[in-house]
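Chemist: Input file: data20.cif. Contents: mmCIF, C-alpha atoms.
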data_my_file
loop_
_atom_site.group_PDB
_atom_site.id
_atom_site.type_symbol
_atom_site.label_atom_id
_atom_site.label_comp_id
_atom_site.auth_asym_id
_atom_site.auth_seq_id
_atom_site.Cartn_x
_atom_site.Cartn_y
_atom_site.Cartn_z
ATOM 1 C CA MET A 1 0.000 0.000 0.000
ATOM 2 C CA SER A 2 1.458 3.360 -0.985
ATOM 3 C CA GLY A 3 0.199 6.929 -1.419
ATOM 4 C CA ARG A 4 -0.481 9.627 1.076
ATOM 5 C CA ARG A 5 -1.406 7.920 4.358
ATOM 6 C CA THR A 6 -1.838 9.169 7.884
ATOM 7 C CA ALA A 7 0.448 7.905 10.661
ATOM 8 C CA PHE A 8 -2.520 5.991 12.113
ATOM 9 C CA GLU A 9 -3.046 4.165 8.811
ATOM 10 C CA ILE A 10 0.624 3.202 8.761
ATOM 11 C CA TYR A 11 0.496 1.971 12.372
ATOM 12 C CA TRP A 12 -2.530 -0.165 11.487
ATOM 13 C CA GLU A 13 -0.793 -1.597 8.416
ATOM 14 C CA ILE A 14 2.310 -2.501 10.438
ATOM 15 C CA LEU A 15 0.340 -4.063 13.308
ATOM 16 C CA VAL A 16 -1.826 -6.151 10.996
ATOM 17 C CA PHE A 17 1.178 -7.314 8.984
ATOM 18 C CA CYS A 18 3.097 -8.229 12.139
ATOM 19 C CA ARG A 19 0.471 -10.676 13.397
ATOM 20 C CA THR A 20 3.044 -13.174 12.218
ATOM 21 C CA PRO A 21 6.742 -12.392 12.928
ATOM 22 C CA GLN A 22 8.221 -10.090 10.293
ATOM 23 C CA SER A 23 11.689 -8.739 9.592
ATOM 24 C CA PHE A 24 12.428 -5.017 9.437
ATOM 25 C CA THR A 25 13.033 -5.230 5.683
ATOM 26 C CA GLY A 26 9.785 -7.128 5.157
ATOM 27 C CA ILE A 27 7.830 -4.484 7.071
ATOM 28 C CA ILE A 28 9.271 -1.475 5.255
ATOM 29 C CA ASN A 29 8.779 -3.166 1.892
ATOM 30 C CA ARG A 30 5.201 -4.159 2.622
ATOM 31 C CA CYS A 31 4.263 -0.787 4.113
ATOM 32 C CA ASP A 32 6.197 1.213 1.509
ATOM 33 C CA LEU A 33 8.358 3.075 4.044
ATOM 34 C CA ASN A 34 11.978 4.158 3.924
ATOM 35 C CA SER A 35 14.403 2.894 6.578
ATOM 36 C CA LYS A 36 14.392 6.103 8.599
ATOM 37 C CA THR A 37 10.598 6.486 8.876
ATOM 38 C CA GLY A 38 10.225 2.720 9.250
ATOM 39 C CA GLN A 39 12.584 2.823 12.228
ATOM 40 C CA GLU A 40 10.573 5.677 13.771
ATOM 41 C CA TYR A 41 7.230 3.894 13.400
ATOM 42 C CA LEU A 42 8.584 0.592 14.717
ATOM 43 C CA GLY A 43 10.404 2.332 17.579
ATOM 44 C CA PHE A 44 7.160 3.998 18.640
ATOM 45 C CA LEU A 45 5.112 0.803 18.474
ATOM 46 C CA VAL A 46 7.749 -1.134 20.412
ATOM 47 C CA GLU A 47 7.958 1.614 23.034
ATOM 48 C CA LYS A 48 4.165 1.502 23.474
ATOM 49 C CA GLU A 49 4.270 -2.298 23.647
ATOM 50 C CA TYR A 50 2.153 -2.846 20.562
ATOM 51 C CA LEU A 51 5.063 -4.683 18.994
ATOM 52 C CA VAL A 52 7.764 -6.843 20.526
ATOM 53 C CA GLU A 53 11.129 -7.745 19.105
ATOM 54 C CA VAL A 54 11.760 -11.475 18.873
ATOM 55 C CA THR A 55 15.256 -12.735 18.213
ATOM 56 C CA GLU A 56 15.514 -15.879 16.120
ATOM 57 C CA GLY A 57 19.182 -16.828 15.846
ATOM 58 C CA ASP A 58 20.897 -13.731 14.485
ATOM 59 C CA LYS A 59 17.658 -12.283 13.056
ATOM 60 C CA THR A 60 15.338 -9.858 14.787
ATOM 61 C CA ARG A 61 11.657 -10.028 13.981
ATOM 62 C CA TYR A 62 8.697 -7.984 15.098
ATOM 63 C CA VAL A 63 5.385 -9.396 16.331
ATOM 64 C CA SER A 64 2.174 -7.610 17.333
ATOM 65 C CA THR A 65 1.140 -7.980 20.958
ATOM 66 C CA GLU A 66 -2.367 -8.511 22.312
ATOM 67 C CA ARG A 67 -2.644 -4.777 22.962
ATOM 68 C CA ALA A 68 -2.431 -4.183 19.208
ATOM 69 C CA GLY A 69 -5.764 -5.946 18.751
ATOM 70 C CA GLU A 70 -7.624 -3.137 20.504
ATOM 71 C CA TYR A 71 -6.160 -0.529 18.165
ATOM 72 C CA THR A 72 -6.626 -2.528 14.950
ATOM 73 C CA ALA A 73 -10.250 -3.386 15.843
ATOM 74 C CA LEU A 74 -11.069 0.258 16.617
ATOM 75 C CA PHE A 75 -9.343 1.399 13.424
ATOM 76 C CA SER A 76 -11.254 -1.105 11.270
ATOM 77 C CA SER A 77 -14.594 -0.208 12.800
ATOM 78 C CA LEU A 78 -13.997 3.533 12.285
ATOM 79 C CA TYR A 79 -13.061 3.065 8.629
ATOM 80 C CA ARG A 80 -15.922 0.703 7.841
ATOM 81 C CA LYS A 81 -18.282 3.109 9.570
ATOM 82 C CA LEU A 82 -17.569 5.568 6.746
ATOM 83 C CA PHE A 83 -19.799 3.386 4.581
ATOM 84 C CA ASP A 84 -22.675 3.059 7.030
ATOM 85 C CA THR A 85 -24.588 5.654 5.065
ATOM 86 C CA PRO A 86 -24.825 5.712 1.276
ATOM 87 C CA PRO A 87 -23.700 8.831 -0.627
ATOM 88 C CA ARG A 88 -26.406 11.481 -0.939
ATOM 89 C CA PHE A 89 -26.707 11.141 -4.691
ATOM 90 C CA LYS A 90 -28.061 8.449 -6.955
ATOM 91 C CA LEU A 91 -25.428 6.137 -8.405
ATOM 92 C CA MET B 1 -22.606 -3.879 9.149
ATOM 93 C CA HIS B 2 -19.639 -5.322 7.305
ATOM 94 C CA GLU B 3 -21.722 -6.640 4.411
ATOM 95 C CA SER B 4 -23.510 -3.368 3.765
ATOM 96 C CA ALA B 5 -20.221 -1.453 3.985
ATOM 97 C CA LEU B 6 -18.717 -3.875 1.458
ATOM 98 C CA VAL B 7 -21.693 -3.543 -0.910
ATOM 99 C CA ARG B 8 -21.628 0.253 -0.721
ATOM 100 C CA PHE B 9 -17.877 0.454 -1.153
ATOM 101 C CA ARG B 10 -17.998 -1.891 -4.156
ATOM 102 C CA SER B 11 -20.832 0.050 -5.756
ATOM 103 C CA GLU B 12 -18.983 3.354 -5.344
ATOM 104 C CA ILE B 13 -15.726 1.981 -6.714
ATOM 105 C CA ARG B 14 -17.494 0.529 -9.768
ATOM 106 C CA HIS B 15 -19.244 3.805 -10.520
ATOM 107 C CA PHE B 16 -16.067 5.806 -10.032
ATOM 108 C CA TYR B 17 -14.310 3.352 -12.376
ATOM 109 C CA VAL B 18 -16.937 3.904 -15.106
ATOM 110 C CA ILE B 19 -16.723 7.685 -14.748
ATOM 111 C CA THR B 20 -12.938 7.554 -15.011
ATOM 112 C CA ILE B 21 -13.249 5.528 -18.235
ATOM 113 C CA ALA B 22 -15.719 8.104 -19.623
ATOM 114 C CA ASN B 23 -13.202 10.776 -18.738
ATOM 115 C CA ILE B 24 -10.434 8.946 -20.607
ATOM 116 C CA VAL B 25 -12.683 8.651 -23.682
ATOM 117 C CA PHE B 26 -13.475 12.356 -23.526
ATOM 118 C CA ALA B 27 -9.780 13.281 -23.154
ATOM 119 C CA ALA B 28 -8.923 11.044 -26.130
ATOM 120 C CA LEU B 29 -11.638 12.716 -28.235
ATOM 121 C CA VAL B 30 -10.326 16.188 -27.365
ATOM 122 C CA MET B 31 -6.805 15.110 -28.302
ATOM 123 C CA ALA B 32 -8.041 13.523 -31.559
ATOM 124 C CA PHE B 33 -10.000 16.661 -32.391
ATOM 125 C CA GLY B 34 -6.895 18.803 -31.800
ATOM 126 C CA ILE B 35 -4.673 16.537 -33.899
ATOM 127 C CA SER B 36 -7.164 16.371 -36.797
ATOM 128 C CA MET B 37 -7.445 20.166 -36.787
ATOM 129 C CA LEU B 38 -3.641 20.473 -36.685
ATOM 130 C CA ILE B 39 -3.326 18.207 -39.703
ATOM 131 C CA GLY B 40 -6.051 20.145 -41.537
ATOM 132 C CA GLN B 41 -4.241 23.398 -40.827
ATOM 133 C CA ALA B 42 -0.905 21.927 -41.893
ATOM 134 C CA VAL B 43 -2.468 20.970 -45.252
ATOM 135 C CA SER B 44 -3.945 24.465 -45.581
ATOM 136 C CA MET B 45 -0.536 26.005 -44.849
ATOM 137 C CA TYR B 46 1.072 23.858 -47.519
ATOM 138 C CA GLU B 47 -1.611 24.717 -50.067
ATOM 139 C CA THR B 48 -1.483 28.419 -49.224
ATOM 140 C CA PHE B 49 2.212 28.673 -49.934
ATOM 141 C CA SER B 50 2.742 26.033 -52.611
ATOM 142 C CA THR B 51 -0.288 26.131 -54.888
ATOM 143 C CA ALA B 52 -2.216 28.711 -56.746
ATOM 144 C CA LEU B 53 -5.343 27.794 -54.826
ATOM 145 C CA TYR B 54 -6.827 30.502 -52.695
ATOM 146 C CA VAL B 55 -6.469 28.785 -49.376
ATOM 147 C CA ILE B 56 -5.367 30.633 -46.291
ATOM 148 C CA TYR B 57 -4.655 28.873 -43.053
ATOM 149 C CA SER B 58 -5.815 30.414 -39.812
ATOM 150 C CA PRO B 59 -3.161 30.943 -37.090
ATOM 151 C CA VAL B 60 -5.961 31.236 -34.511
ATOM 152 C CA ILE B 61 -7.409 27.826 -35.391
ATOM 153 C CA LEU B 62 -3.869 26.439 -35.484
ATOM 154 C CA LEU B 63 -3.257 27.721 -31.965
ATOM 155 C CA ILE B 64 -6.603 26.399 -30.669
ATOM 156 C CA ALA B 65 -5.924 23.009 -32.270
ATOM 157 C CA PHE B 66 -2.449 22.893 -30.740
ATOM 158 C CA VAL B 67 -3.789 23.786 -27.283
ATOM 159 C CA ALA B 68 -6.621 21.208 -27.635
ATOM 160 C CA ALA B 69 -4.166 18.463 -28.654
ATOM 161 C CA LEU B 70 -1.811 19.300 -25.802
ATOM 162 C CA THR B 71 -4.598 19.634 -23.217
ATOM 163 C CA GLY B 72 -6.170 16.382 -24.397
ATOM 164 C CA PHE B 73 -2.832 14.597 -24.107
ATOM 165 C CA SER B 74 -2.024 15.826 -20.596
ATOM 166 C CA TRP B 75 -5.616 15.230 -19.527
ATOM 167 C CA LEU B 76 -5.391 11.695 -20.880
ATOM 168 C CA LEU B 77 -2.197 11.011 -18.898
ATOM 169 C CA THR B 78 -3.762 12.377 -15.708
ATOM 170 C CA SER B 79 -6.970 10.379 -16.212
ATOM 171 C CA VAL B 80 -4.950 7.222 -16.802
ATOM 172 C CA ARG B 81 -3.060 7.745 -13.534
ATOM 173 C CA ILE B 82 -6.325 8.037 -11.612
ATOM 174 C CA PHE B 83 -7.788 5.119 -13.559
ATOM 175 C CA GLU B 84 -4.835 2.837 -12.723
ATOM 176 C CA GLY B 85 -5.262 3.432 -8.995
ATOM 177 C CA ILE B 86 -9.008 2.753 -9.158
ATOM 178 C CA GLU B 87 -8.501 -0.281 -11.364
ATOM 179 C CA THR B 88 -6.084 -1.824 -8.850
ATOM 180 C CA ILE B 89 -8.570 -1.315 -6.016
ATOM 181 C CA LYS B 90 -11.480 -2.606 -8.140
ATOM 182 C CA ASP B 91 -9.498 -5.696 -9.198
ATOM 183 C CA ASP B 92 -8.584 -6.455 -5.571
ATOM 184 C CA LEU B 93 -12.212 -6.021 -4.583
ATOM 185 C CA ASP B 94 -13.458 -8.285 -7.399
ATOM 186 C CA GLU B 95 -10.838 -10.887 -6.515
ATOM 187 C CA LYS B 96 -12.006 -10.970 -2.889
ATOM 188 C CA GLY B 97 -15.656 -11.278 -3.959
ATOM 189 C CA SER B 98 -18.433 -11.104 -1.395
ATOM 190 C CA GLY B 99 -16.311 -12.989 1.137
ATOM 191 C CA ALA B 100 -13.851 -10.154 1.762
ATOM 192 C CA SER B 101 -12.706 -10.103 5.370
ATOM 193 C CA ASP B 102 -12.998 -7.033 7.610
ATOM 194 C CA GLU B 103 -9.251 -6.571 7.346
ATOM 195 C CA ALA B 104 -9.259 -6.789 3.536
ATOM 196 C CA LEU B 105 -12.117 -4.304 3.312
ATOM 197 C CA THR B 106 -10.365 -1.881 5.683
ATOM 198 C CA ARG B 107 -7.167 -2.172 3.643
ATOM 199 C CA LEU B 108 -9.061 -1.330 0.439
ATOM 200 C CA ILE B 109 -10.787 1.630 2.088
ATOM 201 C CA VAL B 110 -7.386 2.920 3.264
ATOM 202 C CA SER B 111 -6.027 2.427 -0.281
ATOM 203 C CA MET B 112 -8.919 4.403 -1.756
ATOM 204 C CA LEU B 113 -8.518 7.192 0.786
ATOM 205 C CA SER B 114 -4.794 7.487 0.113
ATOM 206 C CA HIS B 115 -5.414 7.386 -3.658
ATOM 207 C CA TYR B 116 -7.978 10.151 -3.249
ATOM 208 C CA ARG B 117 -5.619 12.229 -1.068
ATOM 209 C CA ASP B 118 -2.908 11.859 -3.735
ATOM 210 C CA ASN B 119 -5.223 12.973 -6.542
ATOM 211 C CA ARG B 120 -7.559 15.371 -4.790
ATOM 212 C CA ALA B 121 -6.176 18.468 -6.549
ATOM 213 C CA THR B 122 -6.217 16.712 -9.938
ATOM 214 C CA ILE B 123 -9.830 15.625 -9.484
ATOM 215 C CA ARG B 124 -10.829 19.201 -8.654
ATOM 216 C CA THR B 125 -9.123 20.368 -11.852
ATOM 217 C CA MET B 126 -10.879 17.611 -13.797
ATOM 218 C CA ILE B 127 -14.263 18.786 -12.529
ATOM 219 C CA LEU B 128 -13.540 22.258 -13.925
ATOM 220 C CA VAL B 129 -12.034 21.014 -17.193
ATOM 221 C CA CYS B 130 -14.917 18.566 -17.773
ATOM 222 C CA THR B 131 -17.516 21.258 -17.136
ATOM 223 C CA LEU B 132 -15.733 23.732 -19.412
ATOM 224 C CA GLY B 133 -15.125 21.079 -22.088
ATOM 225 C CA GLY B 134 -18.732 19.908 -21.900
ATOM 226 C CA VAL B 135 -20.138 23.408 -22.284
ATOM 227 C CA CYS B 136 -17.732 24.178 -25.179
ATOM 228 C CA SER B 137 -18.645 20.911 -26.965
ATOM 229 C CA PHE B 138 -22.319 21.613 -26.455
ATOM 230 C CA VAL B 139 -22.045 25.136 -27.905
ATOM 231 C CA LEU B 140 -19.820 23.934 -30.776
ATOM 232 C CA GLY B 141 -22.265 21.124 -31.556
ATOM 233 C CA ILE B 142 -25.162 23.555 -31.749
ATOM 234 C CA LEU B 143 -23.313 26.334 -33.608
ATOM 235 C CA GLY B 144 -21.656 23.991 -36.085
ATOM 236 C CA SER B 145 -24.988 22.527 -37.130
ATOM 237 C CA LEU B 146 -27.115 25.627 -37.495
ATOM 238 C CA GLU B 147 -27.413 27.649 -40.632
ATOM 239 C CA HIS B 148 -30.195 29.868 -39.498
ATOM 240 C CA LEU B 149 -31.878 30.467 -36.174
ATOM 241 C CA SER B 150 -34.770 32.804 -35.559
ATOM 242 C CA VAL B 151 -36.592 33.420 -32.344
ATOM 243 C CA SER B 152 -40.008 35.019 -32.524
ATOM 244 C CA THR B 153 -43.202 35.097 -30.525
ATOM 245 C CA ASP B 154 -44.380 32.091 -32.564
ATOM 246 C CA GLY B 155 -41.465 29.999 -31.407
ATOM 247 C CA ILE B 156 -37.896 29.066 -32.317
ATOM 248 C CA VAL B 157 -37.110 28.101 -35.919
ATOM 249 C CA PHE B 158 -33.777 26.712 -36.937
ATOM 250 C CA THR B 159 -32.363 25.414 -40.218
ATOM 251 C CA LEU B 160 -29.661 22.790 -40.351
ATOM 252 C CA ASN B 161 -26.654 23.260 -42.614
ATOM 253 C CA ASN B 162 -26.958 19.828 -44.094
ATOM 254 C CA TYR B 163 -28.509 16.525 -43.041
ATOM 255 C CA LEU B 164 -25.014 15.048 -43.026
ATOM 256 C CA VAL B 165 -24.241 17.332 -40.115
ATOM 257 C CA ILE B 166 -26.768 15.584 -37.854
ATOM 258 C CA PRO B 167 -24.552 12.589 -36.921
ATOM 259 C CA PHE B 168 -21.656 14.955 -36.167
ATOM 260 C CA MET B 169 -23.958 17.148 -34.102
ATOM 261 C CA LEU B 170 -25.286 14.150 -32.157
ATOM 262 C CA LEU B 171 -21.740 12.936 -31.518
ATOM 263 C CA THR B 172 -20.645 16.342 -30.267
ATOM 264 C CA LEU B 173 -23.718 16.620 -28.052
ATOM 265 C CA GLY B 174 -23.097 13.089 -26.768
ATOM 266 C CA VAL B 175 -19.517 14.015 -25.887
ATOM 267 C CA ALA B 176 -20.786 17.164 -24.171
ATOM 268 C CA LEU B 177 -23.320 15.216 -22.131
ATOM 269 C CA ILE B 178 -20.753 12.583 -21.101
ATOM 270 C CA SER B 179 -18.359 15.323 -20.108
ATOM 271 C CA LEU B 180 -20.963 17.192 -18.059
ATOM 272 C CA ALA B 181 -22.176 13.958 -16.439
ATOM 273 C CA SER B 182 -18.629 12.924 -15.517
ATOM 274 C CA SER B 183 -18.007 16.399 -14.111
ATOM 275 C CA TYR B 184 -21.213 16.141 -12.048
ATOM 276 C CA TYR B 185 -20.326 12.695 -10.683
ATOM 277 C CA PHE B 186 -16.703 13.647 -10.014
ATOM 278 C CA SER B 187 -17.887 16.614 -7.980
ATOM 279 C CA ARG B 188 -20.398 14.484 -6.041
ATOM 280 C CA PHE B 189 -17.778 11.822 -5.325
ATOM 281 C CA ALA B 190 -15.242 14.478 -4.332
ATOM 282 C CA LYS B 191 -17.749 15.955 -1.878
ATOM 283 C CA VAL B 192 -18.496 12.545 -0.354
ATOM 284 C CA TRP B 193 -14.814 11.590 -0.071
ATOM 285 C CA ASP B 194 -13.892 14.991 1.368
ATOM 286 C CA GLY B 195 -16.564 14.370 3.998
ATOM 287 C CA ARG B 196 -15.077 10.971 4.772
ATOM 288 C CA ILE B 197 -11.580 12.399 5.115
ATOM 289 C CA GLY B 198 -13.083 14.956 7.504
ATOM 290 C CA GLU B 199 -14.709 12.152 9.520
ATOM 291 C CA ILE B 200 -11.398 10.290 9.697
ATOM 292 C CA GLU B 201 -9.617 13.412 10.908
ATOM 293 C CA GLU B 202 -12.227 13.754 13.644
ATOM 294 C CA SER B 203 -11.751 10.106 14.623
ATOM 295 C CA GLU B 204 -7.990 10.548 14.900
ATOM 296 C CA ALA B 205 -8.386 11.900 18.443
ATOM 297 C CA LEU B 206 -9.834 8.565 19.473
ATOM 298 C CA LEU B 207 -7.088 6.615 17.699
ATOM 299 C CA LYS B 208 -4.480 8.867 19.290
ATOM 300 C CA GLU B 209 -5.987 8.235 22.706
ATOM 301 C CA THR B 210 -5.972 4.500 22.090
ATOM 302 C CA LEU B 211 -2.342 4.607 21.045
ATOM 303 C CA GLU B 212 -1.580 6.706 24.121
ATOM 304 C CA LEU B 213 0.211 9.300 22.068
ATOM 305 C CA ASP B 214 -0.555 11.910 24.720
ATOM 306 C CA ARG B 215 1.494 10.030 27.272
ATOM 307 C CA ARG B 216 4.442 9.675 24.948
#
Represent the supplied structure as structure tokens.
Modeler:
Amino acid sequence: MSGRRTAFEIYWEILVFCRTPQSFTGIINRCDLNSKTGQEYLGFLVEKEYLVEVTEGDKTRYVSTERAGEYTALFSSLYRKLFDTPPRFKL
Amino acid sequence: MHESALVRFRSEIRHFYVITIANIVFAALVMAFGISMLIGQAVSMYETFSTALYVIYSPVILLIAFVAALTGFSWLLTSVRIFEGIETIKDDLDEKGSGASDEALTRLIVSMLSHYRDNRATIRTMILVCTLGGVCSFVLGILGSLEHLSVSTDGIVFTLNNYLVIPFMLLTLGVALISLASSYYFSRFAKVWDGRIGEIEESEALLKETLELDRR
């Protein structure tokens, strides 16, 4: 997913993708981020305990925690709610 | 709730897709019109300077044709960029079918919002260009076909140049109507999507609270 996204949309994308352990490179590729911004987003989510770092051998992977579920569920419901009402013109 | 959101989202994407295609067709017609006029003027220029025929090319028409060809071309490129984004979303949606998960639907909604944010300014320009183009085509279609028009208390009487002009007139009017309709729908969609972006911005406080950004 690329294009102009809000930080909250990027957080959601990362947390959903990291339901299974993912590498840093995998995350920035999937979420279309550069290394610097990717590091910032991951750092924030780790700090807030929405993501944890798991070391497998010499590789570090990121996994969403249970706390992430609350955010992703709220995010999904807010976005789907946009389509609760049809547009006010005939299609 | 999920099913109705999916149905509404799918319906909107399909309609937006059709309007974008209509816009591409209109842009291609404007470009073709410009190119055909350019070629006609090039022939006139050649005949003016190389033959004894009394043919004089018009620099004004040449300029208008050049601008139309160029505008049509850039408009076509812009429409294609918007179309590609919509087509990707529509294809993903069709692939998922009616069994799209909540997560997949949310991802597609986010994709559409980011695509709209990227192209918001372009879509606004398109609304203006389509309206202007539609009105111009409409006027040209009418003017090009009339030989005589009189308005009196008894009613309006008009004479057509030639019966052969009727198909051309209908085509021009058809193009004008498509252009005006696509402008109307683009503006309605833009209004709806602007409203949704506004709703999302209002909801960000709640997301921020959930993420505990304030306690950072």
Chemist: Using all atoms listed in the file, which protein or nucleic acid residues come within 9 Å of A:Ser23? Drop anything in the same chain fewer than 2 positions from it, and give the result as a VMD selection string.
Modeler: chain A and resid 18 21 25 to 28 59 to 62
Chemist: Please identify every residue of chain B that has at least one atom no more than 9 Å from any atom of chain A, counting only C-alpha atoms, and report them as an NGL selection string.
Modeler: :B and (1-2 or 4-6 or 8-9 or 11-12 or 15 or 102-103 or 105-107 or 109-111 or 113-118 or 185 or 188-189 or 192 or 196 or 199-200 or 203-204 or 206-208 or 210-213 or 216)
Chemist: Please determine the residues with any atom at most 9 Å from (-13.9, 5.5, -9.4) (coordinates as given in the file, with only C-alpha atoms counting) and report them as a PyMOL selection string.
Modeler: chain B and resi 12-21+82-83+85-87+90+186+189
Chemist: Nearest to B:Leu77: which of B:Leu173, B:Ile24, B:Val135, B:Leu180 is it, counting all atoms listed in the file?
Modeler: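 With all atoms listed in the file as the atom set, the closest residue is B:Ile24.
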Chemist: For B:Ser179, find every residue with an atom within 8 Å (counting all atoms listed in the file), except residues of its own chain fewer than 6 positions away, and show them as a PDB file with C-alpha atoms, in the frame of the given file.
Modeler:
ATOM      1  CA  ALA B  22     -15.719   8.104 -19.623  1.00  0.00           C
ATOM      2  CA  ASN B  23     -13.202  10.776 -18.738  1.00  0.00           C
ATOM      3  CA  PHE B  26     -13.475  12.356 -23.526  1.00  0.00           C
ATOM      4  CA  CYS B 130     -14.917  18.566 -17.773  1.00  0.00           C
ATOM      5  CA  THR B 131     -17.516  21.258 -17.136  1.00  0.00           C
ATOM      6  CA  GLY B 133     -15.125  21.079 -22.088  1.00  0.00           C
ATOM      7  CA  GLY B 134     -18.732  19.908 -21.900  1.00  0.00           C
TER       8      GLY B 134
END
Chemist: When you count only C-alpha atoms, which of these residues is closest to B:Leu108: B:Lys191, B:Arg81, B:Arg10, B:Arg124?
Modeler: B:Arg10
